[in-house]
$ cat coords09.txt   # compact mmCIF, C-alpha atoms
# COMPACT_ATOMS: atom_id res chain seq x y z
CA MET J 1 81.58 -29.98 34.14
CA LEU J 2 81.84 -26.20 34.26
CA LYS J 3 82.36 -26.14 30.49
CA ILE J 4 79.07 -27.97 29.96
CA VAL J 5 77.24 -25.71 32.45
CA TYR J 6 78.74 -22.63 30.80
CA ARG J 7 77.61 -23.81 27.35
CA LEU J 8 74.05 -24.39 28.58
CA VAL J 9 73.79 -21.18 30.62
CA SER J 10 75.40 -18.99 27.98
CA SER J 11 73.42 -20.42 25.06
CA LYS J 12 71.47 -18.00 22.91
CA GLU J 13 68.20 -19.44 24.21
CA SER J 14 69.21 -18.99 27.87
CA ILE J 15 70.31 -15.42 27.34
CA LEU J 16 67.23 -14.43 25.32
CA MET J 17 64.66 -16.27 27.43
CA VAL J 18 66.00 -15.95 30.98
CA LEU J 19 68.85 -13.48 31.48
CA LEU J 20 67.79 -10.49 29.35
CA PRO J 21 64.18 -10.43 30.59
CA SER J 22 65.41 -10.64 34.20
CA LEU J 23 67.81 -7.73 33.73
CA LEU J 24 65.16 -5.69 31.91
CA TYR J 25 62.58 -6.38 34.62
CA PHE J 26 64.99 -5.48 37.44
CA ALA J 27 66.30 -2.28 35.82
CA LEU J 28 62.87 -0.96 34.87
CA TYR J 29 61.37 -1.78 38.25
CA HIS J 30 64.02 0.31 40.01
CA GLU J 31 63.72 3.20 37.55
CA TYR J 32 59.97 3.31 36.83
CA GLY J 33 58.09 0.82 39.02
CA LEU J 34 56.38 -2.55 38.71
CA THR J 35 53.88 -1.57 36.02
CA TYR J 36 56.59 -0.50 33.57
CA ALA J 37 58.77 -3.50 34.43
CA ILE J 38 55.94 -5.93 33.69
CA GLY J 39 54.81 -4.02 30.62
CA ALA J 40 58.28 -3.88 29.06
CA SER J 41 59.01 -7.54 29.89
CA SER J 42 55.71 -8.53 28.31
CA ILE J 43 56.39 -6.56 25.16
CA TYR J 44 59.89 -8.07 25.05
CA GLY J 45 58.40 -11.60 25.19
CA ILE J 46 55.90 -10.89 22.43
CA THR J 47 58.58 -9.25 20.26
CA LEU J 48 60.94 -12.18 20.84
CA MET J 49 58.27 -14.58 19.63
CA LEU J 50 57.76 -12.57 16.45
CA ILE J 51 61.45 -12.20 15.54
CA SER J 52 62.92 -15.48 16.88
CA ARG J 53 60.80 -18.17 15.37
CA GLN J 54 63.60 -20.73 15.78
CA LEU J 55 62.90 -20.74 19.53
CA GLY J 56 59.52 -22.27 18.66
CA LEU J 57 57.10 -23.16 21.43
CA ILE J 58 59.41 -21.79 24.13
CA SER J 59 59.08 -18.25 22.77
CA LEU J 60 55.32 -18.71 22.31
CA ALA J 61 54.93 -19.73 25.96
CA PHE J 62 57.08 -16.77 27.04
CA ALA J 63 55.00 -14.38 24.90
CA LEU J 64 51.71 -15.71 26.26
CA SER J 65 52.99 -15.35 29.82
CA GLY J 66 53.96 -11.77 29.06
CA LEU J 67 50.60 -11.09 27.45
CA VAL J 68 48.78 -12.32 30.58
CA GLU J 69 50.86 -10.02 32.77
CA LEU J 70 50.25 -7.11 30.39
CA VAL J 71 46.48 -7.67 30.58
CA ILE J 72 46.68 -7.86 34.39
CA ILE J 73 48.45 -4.52 34.76
CA THR J 74 46.21 -2.87 32.14
CA VAL J 75 42.84 -4.05 33.47
CA LEU J 76 43.31 -4.17 37.23
CA PRO J 77 43.85 -1.19 39.54
CA LYS J 78 47.45 -0.79 40.74
CA SER J 79 46.48 -1.91 44.25
CA GLU J 80 45.35 -5.31 42.97
CA ALA J 81 47.90 -5.79 40.18
CA THR J 82 50.72 -6.98 42.45
CA GLN J 83 48.61 -9.75 43.96
CA ALA J 84 47.28 -10.76 40.54
CA VAL J 85 50.81 -10.99 39.14
CA GLN J 86 51.77 -13.03 42.23
CA TYR J 87 49.02 -15.56 41.47
CA LYS J 88 49.99 -15.59 37.80
CA VAL J 89 53.59 -16.49 38.75
CA LEU J 90 52.25 -19.22 41.05
CA LEU J 91 50.14 -20.67 38.25
CA SER J 92 53.05 -20.35 35.82
CA SER J 93 55.31 -22.36 38.16
CA LEU J 94 52.64 -25.02 38.60
CA SER J 95 51.99 -25.22 34.86
CA THR J 96 55.74 -25.55 34.20
CA ALA J 97 55.89 -28.42 36.70
CA CYS J 98 52.93 -30.02 34.89
CA VAL J 99 54.73 -29.70 31.55
CA PHE J 100 57.77 -31.48 33.03
CA LEU J 101 55.43 -34.21 34.29
CA VAL J 102 53.67 -34.64 30.93
CA PHE J 103 56.97 -34.87 29.05
CA ALA J 104 58.17 -37.43 31.60
CA VAL J 105 55.08 -39.54 30.98
CA LEU J 106 55.73 -39.25 27.23
CA ARG J 107 59.29 -40.52 27.90
CA LYS J 108 60.77 -37.26 26.55
CA PRO J 109 62.20 -35.58 29.67
CA ILE J 110 62.75 -31.88 29.02
CA PRO J 111 66.32 -31.72 30.42
CA MET J 112 67.30 -34.49 28.00
CA LEU J 113 65.73 -32.65 25.05
CA VAL J 114 67.40 -29.37 25.98
CA ALA J 115 70.81 -30.96 26.66
CA GLU J 116 70.72 -32.99 23.44
CA ALA J 117 69.68 -29.93 21.42
CA SER J 118 72.62 -27.99 22.89
CA MET J 119 75.08 -30.89 22.54
CA PRO J 120 74.05 -33.44 19.87
CA SER J 121 76.84 -35.78 21.00
CA LEU J 122 74.76 -36.57 24.11
CA GLN J 123 71.95 -37.96 21.97
CA HIS J 124 74.44 -40.04 19.98
CA GLN J 125 75.89 -41.43 23.25
CA ARG J 126 72.44 -42.25 24.61
CA LEU J 127 71.33 -44.00 21.41
CA THR J 128 74.56 -45.91 20.71
CA VAL J 129 76.02 -46.61 24.15
CA GLY J 130 72.87 -46.29 26.26
CA SER J 131 74.50 -43.78 28.56
CA PRO J 132 73.06 -41.69 30.03
CA SER J 133 69.93 -43.78 30.11
CA LEU J 134 66.39 -42.52 29.79
CA LYS J 135 65.87 -43.50 33.44
CA LYS J 136 68.64 -41.12 34.55
CA TRP J 137 67.19 -38.34 32.43
CA GLN J 138 63.81 -38.99 34.05
CA TYR J 139 65.48 -38.57 37.44
CA VAL J 140 66.94 -35.22 36.36
CA ASN J 141 63.52 -34.24 35.01
CA GLY J 142 62.12 -35.01 38.46
CA ILE J 143 64.63 -32.61 40.03
CA TRP J 144 63.44 -29.82 37.72
CA LEU J 145 59.80 -30.67 38.41
CA CYS J 146 60.46 -30.46 42.17
CA GLY J 147 62.31 -27.17 41.69
CA TYR J 148 59.27 -25.59 40.04
CA LEU J 149 56.91 -27.07 42.63
CA LEU J 150 59.05 -25.56 45.41
CA LYS J 151 59.00 -22.24 43.57
CA SER J 152 55.20 -22.31 43.55
CA LEU J 153 55.03 -23.32 47.23
CA MET J 154 56.65 -19.99 48.09
CA PHE J 155 53.46 -18.28 46.94
CA VAL J 156 51.18 -20.69 48.76
CA ASN J 157 52.92 -19.90 52.07
CA TYR J 158 52.72 -16.12 51.65
CA SER J 159 49.33 -14.65 50.89
CA HIS J 160 50.58 -11.21 49.91
CA PHE J 161 53.93 -9.93 48.68
CA SER J 162 54.88 -6.29 48.52
CA GLN J 163 55.94 -5.04 45.08
CA GLN J 164 59.61 -5.14 46.10
CA GLN J 165 59.32 -8.69 47.49
CA LEU J 166 57.59 -9.80 44.29
CA VAL J 167 60.35 -8.32 42.13
CA MET J 168 63.12 -9.90 44.23
CA TYR J 169 61.35 -13.26 44.28
CA THR J 170 60.83 -13.12 40.50
CA LEU J 171 64.53 -12.38 39.95
CA ILE J 172 65.83 -15.02 42.37
CA SER J 173 63.52 -17.71 41.06
CA GLY J 174 64.42 -16.89 37.46
CA TRP J 175 68.05 -16.93 36.33
CA PRO J 176 69.61 -18.16 39.61
CA LEU J 177 67.12 -21.05 39.91
CA TYR J 178 67.81 -21.97 36.29
CA VAL J 179 71.58 -22.02 36.90
CA VAL J 180 71.21 -24.09 40.11
CA LEU J 181 69.02 -26.64 38.33
CA ILE J 182 71.52 -26.89 35.46
CA LEU J 183 74.42 -27.31 37.92
CA MET J 184 72.55 -30.07 39.76
CA SER J 185 71.59 -31.79 36.50
CA VAL J 186 75.05 -31.68 34.94
CA GLY J 187 76.70 -32.66 38.22
CA LEU J 188 74.40 -35.65 38.62
CA MET J 189 74.80 -36.82 35.04
CA LYS J 190 78.57 -36.31 35.07
CA ALA J 191 78.98 -38.23 38.35
CA ARG J 192 76.96 -41.16 37.09
CA HIS J 193 78.15 -41.11 33.49
CA PRO J 194 81.87 -40.34 33.12
CA ILE J 195 81.46 -40.76 29.36
CA ILE J 196 80.02 -37.22 29.21
CA LYS J 197 82.90 -34.96 28.32
CA GLY J 198 83.07 -31.46 29.70
$ encode --input "coords09.txt" --output "structure tokens"
Amino acid sequence: MLKIVYRLVSSKESILMVLLPSLLYFALYHEYGLTYAIGASSIYGITLMLISRQLGLISLAFALSGLVELVIITVLPKSEATQAVQYKVLLSSLSTACVFLVFAVLRKPIPMLVAEASMPSLQHQRLTVGSPSLKKWQYVNGIWLCGYLLKSLMFVNYSHFSQQQLVMYTLISGWPLYVVLILMSVGLMKARHPIIKG
């Protein structure tokens, strides 16, 4: 199981889209403040989209998210930027949950697509042996959907974060949340489908 988790977490996409932006954001926040952290992360996302076209729609979504944050910190006064970024992260979490829901309705659960792209043998197993089934992948998709809904609920419960709280929340709900969701997904699929090698 740990081999599968390691492959997913250490994939090029995971490192480029989740880990590096988190490290950049954290380092720049502590050295230069929130404005520079958001600005650099936004520019990173836009640059990634331009140079890594193989990441497709994922990099486009990341770049657009960065562009929104860049506009927020450019247009709004510093006193209002933190709260605006907070609401943007809330909306981003909700929109991500909606994307998981739409793909579930389309019978293309995102965890299945990501796992099968990382390990094509999973798709072969599903199509030839029927294991893991689409129903199980839908269940895993539901776990991810709930994870992003819980992430957004954090913002609903707190009306105003300080800059430091916002940075810590952004970091914790980024890479660590991603790893926890992968661990839960792989653990669930492995327990129910011993055919998955890892």
$ closest_residue --input "coords09.txt" --among "J:Ser173, J:Ser93, J:Thr128, J:Gln163" --to "J:Leu145" --atoms "only C-alpha atoms"
J:Ser93
$ closest_atom_pairs --input "coords09.txt" --of "stretch 69-160 of chain J" --to "stretch 30-46 of chain J" --cutoff "12 Å" --atoms "all atoms listed in the file" --output "JSON lines"
{"residue": "J:Glu69", "atom": "CA", "partner": "J:Ile38", "partner_atom": "CA", "distance": 6.6}
{"residue": "J:Leu70", "atom": "CA", "partner": "J:Gly39", "partner_atom": "CA", "distance": 5.5}
{"residue": "J:Val71", "atom": "CA", "partner": "J:Gly39", "partner_atom": "CA", "distance": 9.1}
{"residue": "J:Ile72", "atom": "CA", "partner": "J:Ile38", "partner_atom": "CA", "distance": 9.5}
{"residue": "J:Ile73", "atom": "CA", "partner": "J:Thr35", "partner_atom": "CA", "distance": 6.3}
{"residue": "J:Thr74", "atom": "CA", "partner": "J:Thr35", "partner_atom": "CA", "distance": 8.7}
{"residue": "J:Val75", "atom": "CA", "partner": "J:Thr35", "partner_atom": "CA", "distance": 11.6}
{"residue": "J:Leu76", "atom": "CA", "partner": "J:Thr35", "partner_atom": "CA", "distance": 11.0}
{"residue": "J:Pro77", "atom": "CA", "partner": "J:Thr35", "partner_atom": "CA", "distance": 10.6}
{"residue": "J:Lys78", "atom": "CA", "partner": "J:Thr35", "partner_atom": "CA", "distance": 8.0}
{"residue": "J:Ser79", "atom": "CA", "partner": "J:Thr35", "partner_atom": "CA", "distance": 11.1}
{"residue": "J:Glu80", "atom": "CA", "partner": "J:Thr35", "partner_atom": "CA", "distance": 11.6}
{"residue": "J:Ala81", "atom": "CA", "partner": "J:Thr35", "partner_atom": "CA", "distance": 8.4}
{"residue": "J:Thr82", "atom": "CA", "partner": "J:Leu34", "partner_atom": "CA", "distance": 8.1}
{"residue": "J:Gln83", "atom": "CA", "partner": "J:Leu34", "partner_atom": "CA", "distance": 11.8}
{"residue": "J:Val85", "atom": "CA", "partner": "J:Ile38", "partner_atom": "CA", "distance": 9.0}
{"residue": "J:Gln86", "atom": "CA", "partner": "J:Ile38", "partner_atom": "CA", "distance": 11.9}
{"residue": "J:Val89", "atom": "CA", "partner": "J:Ile38", "partner_atom": "CA", "distance": 11.9}
$ write_last_selection --input "coords09.txt" --atoms "C-alpha atoms" --output "JSON list (two decimals), keeping the file's coordinate frame"
[["chain", "number", "residue", "atom", "x", "y", "z"],
["J", 69, "GLU", "CA", 50.86, -10.02, 32.77],
["J", 70, "LEU", "CA", 50.25, -7.11, 30.39],
["J", 71, "VAL", "CA", 46.48, -7.67, 30.58],
["J", 72, "ILE", "CA", 46.68, -7.86, 34.39],
["J", 73, "ILE", "CA", 48.45, -4.52, 34.76],
["J", 74, "THR", "CA", 46.21, -2.87, 32.14],
["J", 75, "VAL", "CA", 42.84, -4.05, 33.47],
["J", 76, "LEU", "CA", 43.31, -4.17, 37.23],
["J", 77, "PRO", "CA", 43.85, -1.19, 39.54],
["J", 78, "LYS", "CA", 47.45, -0.79, 40.74],
["J", 79, "SER", "CA", 46.48, -1.91, 44.25],
["J", 80, "GLU", "CA", 45.35, -5.31, 42.97],
["J", 81, "ALA", "CA", 47.90, -5.79, 40.18],
["J", 82, "THR", "CA", 50.72, -6.98, 42.45],
["J", 83, "GLN", "CA", 48.61, -9.75, 43.96],
["J", 85, "VAL", "CA", 50.81, -10.99, 39.14],
["J", 86, "GLN", "CA", 51.77, -13.03, 42.23],
["J", 89, "VAL", "CA", 53.59, -16.49, 38.75]]
$ closest_residue --input "coords09.txt" --among "J:Ala115, J:Ser121, J:Ala191, J:Lys108" --to "J:Leu134" --atoms "all atoms listed in the file"
J:Lys108
$ atom_distance --input "coords09.txt" --atom1 "atom CA of J:Leu28" --atom2 "atom CA of J:Phe155"
23.1 Å
$ atom_distance --input "coords09.txt" --atom1 "atom CA of J:Met189" --atom2 "atom CA of J:Pro132"
7.2 Å
$ closest_residue --input "coords09.txt" --among "J:Val105, J:Glu116, J:His124, J:Ser22" --to "J:Trp175" --atoms "only C-alpha atoms"
J:Ser22
$ closest_residue --input "coords09.txt" --among "J:Ile143, J:Val68, J:Ala84, J:Val129" --to "J:Leu188" --atoms "all atoms listed in the file"
J:Ile143
$ residues_around --input "coords09.txt" --residues "J:Arg107" --least-positions-apart "3" --cutoff "8 Å" --atoms "all atoms listed in the file" --output "list in words"
Phe103, Ala104, Leu134 and Gln138 of chain J
$ write_last_selection --input "coords09.txt" --atoms "C-alpha atoms" --output "PDB file, in the frame of the given file"
ATOM      1  CA  PHE J 103      56.970 -34.870  29.050  1.00  0.00           C
ATOM      2  CA  ALA J 104      58.170 -37.430  31.600  1.00  0.00           C
ATOM      3  CA  LEU J 134      66.390 -42.520  29.790  1.00  0.00           C
ATOM      4  CA  GLN J 138      63.810 -38.990  34.050  1.00  0.00           C
TER       5      GLN J 138
END
$ closest_residue --input "coords09.txt" --among "J:Leu101, J:Gly147, J:Tyr139, J:Lys190" --to "J:Tyr178" --atoms "only C-alpha atoms"
J:Gly147
$ atom_distance --input "coords09.txt" --atom1 "atom CA of J:Met17" --atom2 "atom CA of J:Val102"
21.7 Å
$ residues_around --input "coords09.txt" --residues "J:Val156" --least-positions-apart "4" --cutoff "10 Å" --atoms "all atoms listed in the file" --output "JSON list (two decimals) with C-alpha atoms, keeping the file's coordinate frame"
[["chain", "number", "residue", "atom", "x", "y", "z"],
["J", 87, "TYR", "CA", 49.02, -15.56, 41.47],
["J", 90, "LEU", "CA", 52.25, -19.22, 41.05],
["J", 150, "LEU", "CA", 59.05, -25.56, 45.41],
["J", 151, "LYS", "CA", 59.00, -22.24, 43.57],
["J", 152, "SER", "CA", 55.20, -22.31, 43.55],
["J", 160, "HIS", "CA", 50.58, -11.21, 49.91]]
